[in-house]
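Below: structure.txt (compact mmCIF, C-alpha atoms)
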```
# COMPACT_ATOMS: atom_id res chain seq x y z
CA MET A 1 -35.42 -245.27 77.05
CA ASP A 2 -39.21 -245.41 76.90
CA ASN A 3 -39.48 -241.84 78.16
CA ALA A 4 -36.82 -240.47 75.84
CA PRO A 5 -37.85 -237.38 73.85
CA PRO A 6 -39.04 -237.97 70.28
CA LEU A 7 -36.64 -237.54 67.42
CA PRO A 8 -37.03 -234.29 65.50
CA GLY A 9 -39.14 -234.36 62.39
CA HIS A 10 -37.38 -236.23 59.60
CA ASP A 11 -37.97 -239.10 57.23
CA TRP A 12 -36.32 -241.58 59.59
CA PRO A 13 -35.60 -245.01 58.07
CA ILE A 14 -37.56 -247.96 59.39
CA MET A 15 -35.63 -251.07 60.39
CA GLN A 16 -37.34 -253.99 58.72
CA PRO A 17 -37.26 -257.60 59.98
CA GLY A 18 -34.38 -259.53 58.48
CA TRP A 19 -32.14 -256.51 58.05
CA VAL A 20 -28.80 -255.81 59.73
CA TRP A 21 -27.74 -252.24 60.34
CA LEU A 22 -24.01 -251.78 60.99
CA CYS A 23 -23.66 -248.71 63.14
CA GLY A 24 -20.89 -246.66 64.70
CA ALA A 25 -21.44 -245.70 68.34
CA GLY A 26 -18.72 -243.05 68.37
CA PRO A 27 -15.61 -242.97 70.58
CA GLY A 28 -17.35 -243.26 73.96
CA ASP A 29 -19.35 -240.25 75.09
CA PRO A 30 -23.03 -241.17 74.50
CA GLY A 31 -23.64 -237.59 73.38
CA LEU A 32 -21.55 -238.25 70.28
CA LEU A 33 -24.02 -240.84 69.02
CA THR A 34 -25.71 -239.85 65.76
CA LEU A 35 -29.47 -239.47 65.47
CA HIS A 36 -29.55 -242.31 62.95
CA ALA A 37 -27.85 -244.51 65.54
CA LEU A 38 -30.41 -243.50 68.16
CA ASN A 39 -33.23 -244.27 65.74
CA ALA A 40 -31.72 -247.72 65.16
CA LEU A 41 -31.35 -248.44 68.87
CA ARG A 42 -35.02 -247.68 69.46
CA GLN A 43 -36.13 -250.14 66.78
CA ALA A 44 -33.73 -253.07 67.14
CA ASP A 45 -34.82 -256.51 68.31
CA VAL A 46 -31.20 -257.51 68.88
CA VAL A 47 -28.10 -255.40 69.50
CA ILE A 48 -24.75 -257.09 69.08
CA TYR A 49 -22.22 -254.70 70.56
CA ASP A 50 -18.47 -254.36 70.96
CA ALA A 51 -16.27 -253.86 74.00
CA LEU A 52 -15.86 -250.11 73.55
CA VAL A 53 -19.60 -249.33 73.42
CA GLN A 54 -20.57 -247.49 76.60
CA GLU A 55 -23.28 -249.09 78.74
CA ALA A 56 -25.28 -245.87 78.79
CA ILE A 57 -25.72 -246.12 75.02
CA LEU A 58 -27.36 -249.52 75.39
CA ASP A 59 -30.00 -247.95 77.64
CA TRP A 60 -31.46 -246.44 74.47
CA ALA A 61 -32.37 -249.91 73.19
CA PRO A 62 -35.25 -250.71 75.61
CA ARG A 63 -36.81 -253.53 73.62
CA ALA A 64 -33.66 -255.24 72.35
CA GLU A 65 -31.85 -258.39 73.36
CA LEU A 66 -28.26 -257.37 74.10
CA ILE A 67 -25.45 -259.64 72.94
CA TYR A 68 -21.83 -258.87 73.78
CA ALA A 69 -19.30 -259.60 71.04
CA GLY A 70 -16.29 -257.57 72.14
CA LYS A 71 -12.83 -258.25 70.80
CA ARG A 72 -9.96 -256.97 72.94
CA GLY A 73 -6.32 -257.71 72.33
CA GLY A 74 -4.84 -260.31 74.67
CA LYS A 75 -8.21 -261.24 76.16
CA PRO A 76 -10.64 -264.06 75.34
CA SER A 77 -12.78 -262.87 72.46
CA ALA A 78 -15.39 -264.17 70.10
CA LYS A 79 -14.01 -265.26 66.74
CA GLN A 80 -14.76 -262.89 63.90
CA ARG A 81 -16.24 -265.67 61.75
CA ASP A 82 -18.64 -266.62 64.55
CA ILE A 83 -19.78 -263.01 64.97
CA SER A 84 -20.40 -262.56 61.26
CA LEU A 85 -22.35 -265.80 60.90
CA ARG A 86 -24.43 -265.04 64.00
CA LEU A 87 -25.53 -261.83 62.34
CA VAL A 88 -26.63 -263.88 59.36
CA ASP A 89 -28.55 -266.34 61.54
CA LEU A 90 -30.35 -263.61 63.47
CA ALA A 91 -31.36 -261.82 60.29
CA ARG A 92 -32.65 -265.06 58.76
CA ALA A 93 -34.72 -265.57 61.90
CA GLY A 94 -36.54 -262.34 61.07
CA LYS A 95 -34.89 -260.17 63.71
CA ARG A 96 -34.19 -256.48 63.36
CA VAL A 97 -30.45 -256.62 64.02
CA LEU A 98 -28.22 -253.73 65.05
CA ARG A 99 -24.48 -254.38 64.93
CA LEU A 100 -23.10 -251.65 67.18
CA LYS A 101 -19.40 -250.83 67.03
CA GLY A 102 -17.24 -248.29 68.82
CA GLY A 103 -16.13 -245.39 66.64
CA ASP A 104 -16.96 -245.91 62.98
CA PRO A 105 -17.66 -249.42 61.65
CA PHE A 106 -15.50 -248.88 58.57
CA VAL A 107 -12.45 -247.45 60.38
CA PHE A 108 -10.44 -250.38 61.79
CA GLY A 109 -13.72 -251.88 62.99
CA ARG A 110 -14.09 -254.97 60.79
CA GLY A 111 -17.31 -253.48 59.51
CA GLY A 112 -16.34 -254.09 55.91
CA GLU A 113 -15.76 -257.78 56.59
CA GLU A 114 -19.07 -258.24 58.37
CA ALA A 115 -21.01 -256.28 55.77
CA GLN A 116 -19.50 -258.36 52.97
CA THR A 117 -20.43 -261.60 54.75
CA LEU A 118 -24.00 -260.41 55.14
CA VAL A 119 -24.34 -259.43 51.49
CA GLN A 120 -22.80 -262.71 50.38
CA HIS A 121 -25.50 -264.52 52.38
CA GLY A 122 -28.28 -262.41 50.93
CA VAL A 123 -28.92 -260.31 54.04
CA PRO A 124 -29.86 -256.66 53.37
CA ILE A 125 -27.77 -254.08 55.20
CA ARG A 126 -27.62 -250.41 56.10
CA ILE A 127 -24.44 -248.59 57.16
CA ILE A 128 -24.59 -245.85 59.80
CA PRO A 129 -21.24 -244.06 60.17
CA GLY A 130 -19.96 -242.95 63.56
CA ILE A 131 -17.37 -240.51 64.86
CA SER A 132 -14.02 -242.25 64.78
CA ALA A 133 -11.82 -242.11 67.89
CA GLY A 134 -8.90 -240.91 65.77
CA ILE A 135 -10.78 -237.68 65.18
CA GLY A 136 -13.30 -237.33 68.00
CA GLY A 137 -11.08 -238.75 70.71
CA LEU A 138 -8.27 -236.37 69.84
CA ALA A 139 -10.70 -233.44 69.65
CA TYR A 140 -11.76 -234.15 73.23
CA ALA A 141 -8.08 -233.98 74.17
CA GLY A 142 -7.77 -230.60 72.46
CA ILE A 143 -5.74 -231.92 69.52
CA PRO A 144 -6.86 -231.07 65.97
CA VAL A 145 -5.76 -233.72 63.50
CA THR A 146 -5.35 -231.00 60.87
CA HIS A 147 -4.15 -227.44 61.24
CA ARG A 148 -3.05 -225.16 58.40
CA ASP A 149 0.16 -224.18 60.17
CA VAL A 150 1.06 -227.82 60.85
CA ASN A 151 -0.09 -230.31 58.27
CA GLN A 152 -1.71 -230.84 54.92
CA SER A 153 -1.85 -234.61 55.42
CA VAL A 154 -2.79 -237.05 58.14
CA THR A 155 -2.38 -240.82 58.07
CA PHE A 156 -4.44 -243.29 60.10
CA VAL A 157 -2.78 -246.63 60.82
CA THR A 158 -3.49 -249.62 63.00
CA GLY A 159 -0.95 -250.85 65.50
CA HIS A 160 -1.65 -254.52 64.86
CA ASP A 161 -2.93 -256.79 62.11
CA GLN A 162 -5.03 -259.98 62.14
CA SER A 163 -2.20 -261.89 63.79
CA GLY A 164 -1.93 -259.38 66.62
CA ASN A 165 1.51 -258.25 65.47
CA THR A 166 2.59 -254.91 64.06
CA PRO A 167 1.37 -254.86 60.44
CA GLY A 168 4.17 -256.21 58.28
CA ASN A 169 2.85 -254.63 55.09
CA LEU A 170 3.05 -251.05 56.34
CA ASP A 171 5.84 -249.00 54.80
CA TRP A 172 6.79 -247.08 57.91
CA ALA A 173 9.53 -245.17 56.09
CA SER A 174 7.05 -243.83 53.53
CA ILE A 175 4.46 -243.08 56.21
CA SER A 176 7.06 -241.26 58.28
CA LYS A 177 8.28 -239.15 55.38
CA GLY A 178 4.95 -238.62 53.67
CA SER A 179 2.58 -237.65 56.47
CA GLN A 180 3.09 -234.78 58.87
CA VAL A 181 0.63 -236.18 61.40
CA ILE A 182 0.17 -239.89 62.13
CA VAL A 183 -2.75 -241.26 64.15
CA ILE A 184 -2.30 -244.79 65.47
CA TYR A 185 -5.16 -246.99 66.57
CA MET A 186 -4.54 -249.98 68.83
CA GLY A 187 -0.84 -249.23 69.06
CA MET A 188 -0.07 -249.52 72.77
CA LYS A 189 1.12 -253.13 72.70
CA HIS A 190 3.69 -252.48 69.99
CA ILE A 191 4.53 -248.83 70.65
CA ALA A 192 8.24 -249.53 71.18
CA GLN A 193 8.48 -251.14 67.77
CA ILE A 194 6.36 -248.46 66.10
CA ALA A 195 8.36 -245.61 67.63
CA GLY A 196 11.55 -247.36 66.56
CA HIS A 197 10.31 -247.61 62.97
CA LEU A 198 9.42 -243.92 62.87
CA ILE A 199 12.71 -242.80 64.39
CA ALA A 200 14.67 -245.04 62.03
CA ALA A 201 12.78 -243.43 59.15
CA GLY A 202 13.91 -239.97 60.21
CA ARG A 203 11.34 -238.67 62.68
CA SER A 204 12.93 -236.73 65.50
CA LEU A 205 13.35 -238.17 68.98
CA HIS A 206 11.77 -234.91 70.14
CA GLU A 207 8.66 -235.23 67.94
CA PRO A 208 5.56 -234.42 70.02
CA VAL A 209 3.30 -237.38 70.75
CA ALA A 210 0.02 -237.64 72.63
CA VAL A 211 -1.53 -240.80 74.03
CA VAL A 212 -5.26 -240.52 74.76
CA THR A 213 -6.75 -243.43 76.68
CA THR A 214 -10.47 -244.15 77.09
CA ALA A 215 -11.13 -241.07 74.99
CA THR A 216 -14.23 -238.90 75.49
CA THR A 217 -15.27 -240.70 78.69
CA GLN A 218 -14.95 -239.65 82.33
CA ASP A 219 -11.87 -241.89 82.54
CA GLN A 220 -10.05 -240.14 79.72
CA HIS A 221 -6.35 -239.59 80.33
CA VAL A 222 -3.95 -237.67 78.09
CA LEU A 223 -0.19 -238.16 78.13
CA GLU A 224 1.96 -235.63 76.27
CA THR A 225 5.35 -237.06 75.46
CA THR A 226 7.86 -237.50 72.62
CA LEU A 227 8.87 -240.32 70.29
CA GLY A 228 12.10 -240.76 72.20
CA THR A 229 10.50 -241.09 75.63
CA ILE A 230 7.04 -242.52 74.86
CA VAL A 231 7.80 -246.09 75.95
CA ASP A 232 9.14 -245.10 79.37
CA ASP A 233 6.47 -242.44 79.85
CA ILE A 234 3.61 -244.86 79.12
CA ALA A 235 5.08 -247.32 81.61
CA ALA A 236 5.55 -244.61 84.25
CA ALA A 237 1.97 -243.39 83.80
CA LYS A 238 0.69 -246.99 83.90
CA LEU A 239 -1.55 -246.38 80.93
CA GLU A 240 -3.74 -249.15 79.54
CA PRO A 241 -5.66 -249.52 76.27
CA PRO A 242 -7.87 -248.52 74.61
CA ALA A 243 -5.75 -245.66 73.34
CA ILE A 244 -5.30 -243.36 70.39
CA ILE A 245 -1.76 -242.18 69.71
CA CYS A 246 -1.06 -239.02 67.73
CA VAL A 247 2.40 -238.21 66.37
CA GLY A 248 3.14 -234.75 65.02
CA GLN A 249 3.26 -231.02 65.66
CA SER A 250 -0.52 -230.80 66.01
CA VAL A 251 -0.07 -232.31 69.49
CA LEU A 252 1.39 -228.97 70.57
CA MET A 253 -1.97 -227.34 69.97
CA ARG A 254 -3.25 -229.01 73.13
CA GLN A 255 -1.33 -226.33 75.04
CA VAL A 256 -3.89 -223.79 73.86
CA LEU A 257 -6.89 -226.00 73.04
CA ASP A 258 -7.25 -228.17 76.15
CA TRP A 259 -10.88 -227.10 76.40
CA GLN A 260 -11.75 -229.59 79.14
CA GLY A 261 -8.91 -228.33 81.32
CA MET A 262 -9.94 -224.73 80.73
CA ALA A 263 -13.56 -225.56 81.52
CA ALA A 264 -12.31 -226.88 84.86
CA GLY A 265 -10.55 -223.59 85.56
CA ALA A 266 -7.01 -224.16 84.28
CA PRO A 267 -5.57 -221.43 82.05
CA ALA A 268 -4.22 -222.12 78.58
CA ARG A 269 -0.56 -223.07 78.96
CA ASN A 270 0.66 -221.36 75.79
CA LEU A 271 -1.39 -219.11 73.52
CA ASP A 272 1.08 -219.59 70.65
CA PRO A 273 2.37 -223.17 70.96
CA LEU A 274 3.60 -223.27 67.36
CA GLY A 275 5.68 -220.12 67.90
CA ARG A 276 4.20 -218.28 64.92
CA GLY A 277 4.40 -214.90 66.62
CA ARG A 278 1.06 -213.71 65.23
CA ALA A 279 -2.60 -213.84 66.06
CA ALA A 280 -4.41 -216.97 64.93
CA GLU A 281 -6.92 -214.97 62.86
CA SER A 282 -4.08 -213.51 60.77
CA ALA A 283 -3.18 -216.91 59.33
```

Turn this file's structure into structure tokens for me.
Amino acid sequence: MDNAPPLPGHDWPIMQPGWVWLCGAGPGDPGLLTLHALNALRQADVVIYDALVQEAILDWAPRAELIYAGKRGGKPSAKQRDISLRLVDLARAGKRVLRLKGGDPFVFGRGGEEAQTLVQHGVPIRIIPGISAGIGGLAYAGIPVTHRDVNQSVTFVTGHDQSGNTPGNLDWASISKGSQVIVIYMGMKHIAQIAGHLIAAGRSLHEPVAVVTTATTQDQHVLETTLGTIVDDIAAAKLEPPAIICVGQSVLMRQVLDWQGMAAGAPARNLDPLGRGRAAESA
């Protein structure tokens, strides 16, 4: 916005004509945008943005042409090749180009592909990381992806590959056995198959699972369920993507860390959801 407060003193980078900055916009809440991202929005001539970028974030690009390039499963979407080559064309036209992606551009965001295309065509780039939904979205739901009493590993996987199917090259048995907590991006469409893989690999039917839809926004919804009932529970709740799915004991921590619920006046449901029988500070 033209009347937005100035950025704090810092050696902020200047976006030069002919450059493309690939930037993460975070999981949804505009307040989770980084200062580098805000600096980029204020300078850009063109912003090419994805479906999960909140409209309020675009208000911080007052001088930019806004171009939608969202890709959503099952819906008409721009082809990835066309998006990448348009970035090249805009840069060659001397534009200051901001490629704005939900979450982090290098976490299941095709940022690596687009950046490689740009470099191959001689276009200079800058990468601005963002808060990934698999961390920030779960934090807004009161679910820590790591906790010393729960896990020393966490695995991030995507629920579909380039074909739109469940990734065939994922070793679900190894993932199931090797990672205490599993965070699944874009997994709603194939959740029955994914849950089946994990159960077949030895995960309990009673394993806690959380589904967080439209994370960090006013429309956020959190479903607490189990691997054995997740398919029916998602259907009953009529949940729709975008969603982050978390599998593991860390989901139980929401019973004590649902900070948004507590801010609205609800008490913590269980002060010791892991049943450790001791104060948290004694860990």

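Taking only C-alpha atoms into account, Pro267 of chain A lies nearest to A:Arg254 out of the set A:Asp11, A:Val154, A:Ile128, A:Arg254.
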
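Atom CA of Ala61 of chain A to atom CA of Ala37 of chain A spans 10.4 Å [interatomic distance, one decimal].
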
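One finds atom CA of Ile184 of chain A at 27.5 Å from atom CA of His36 of chain A.
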
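Atom CA of Val183 of chain A is positioned 20.0 Å from atom CA of Pro273 of chain A.
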
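Omitting Thr146 of chain A and its sequence neighbours fewer than 4 positions away, and counting only C-alpha atoms, the residues within 10 Å are A:Ile135, A:Val150, A:Asn151, A:Gln152, A:Ser153, A:Val154, A:Gln180, A:Val181, A:Gln249, A:Ser250.
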
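The closest residue to Leu90 of chain A, picked from A:Gly178, A:Gly159, A:Pro17, A:Gly111 and counting all atoms listed in the file, is A:Pro17.
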